[in-house]
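As structure tokens, the structure follows; a few thoughts come after it.
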Amino acid sequence: MKEDPRCCGTGTCIIDPEGRCWCGQQWDGEKMAMPKLDAPNPTPPSNQNGQASSSGESL
């Protein structure tokens with residue numbers, strides 16, 4: 001079997017077509033690295049009209 005150039009050197013890498021290894025690292029185009037987490041954007045609470053509440057506004 002041909003060695004994958006994306007392997008970290010352990011010889012145990014199993015890399016899928018998307019560049020993800022079984023260990024959790026992902027190919028970033030240059031090296032294997034832990035993938036960046038996408039944090040969800042928090043949304044402000046809304047009032048009964050569906051608009052964002054501002055401080056001092058009563059419901």
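How things are named: the first chain in the structure tokens is A, the next is B, and so on; residues count from 1 in each chain; ligands count from 1 in the order shown.
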Open item on the list: Would you pick out the contacts of segment 27-33 of chain A at 10 Å or less, using only C-alpha atoms, so that residues sharing its chain but fewer than 6 positions from it are not included, and give the list as an NGL selection string?
Closed with: :A and (5-8 or 15 or 18-21)
What lies within 8 Å of Pro35 of chain A using only C-alpha atoms, ignoring chain neighbours under 4 positions off, as a CSV table (one decimal) with N, CA and C atoms, in the first residue's frame?
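The resulting file, part_21.csv, is shown below:
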chain,number,residue,atom,x,y,z
A,24,GLY,N,-9.2,12.4,14.6
A,24,GLY,CA,-9.8,13.7,14.8
A,24,GLY,C,-9.2,14.8,14.0
A,25,GLN,N,-7.9,14.6,13.6
A,25,GLN,CA,-7.3,15.7,12.8
A,25,GLN,C,-7.8,15.8,11.4
A,26,GLN,N,-7.6,16.9,10.8
A,26,GLN,CA,-8.1,17.1,9.4
A,26,GLN,C,-7.0,17.8,8.6
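Here atom CA of Pro17 of chain A is placed at a distance of 18.4 Å from atom CA of Lys36 of chain A.
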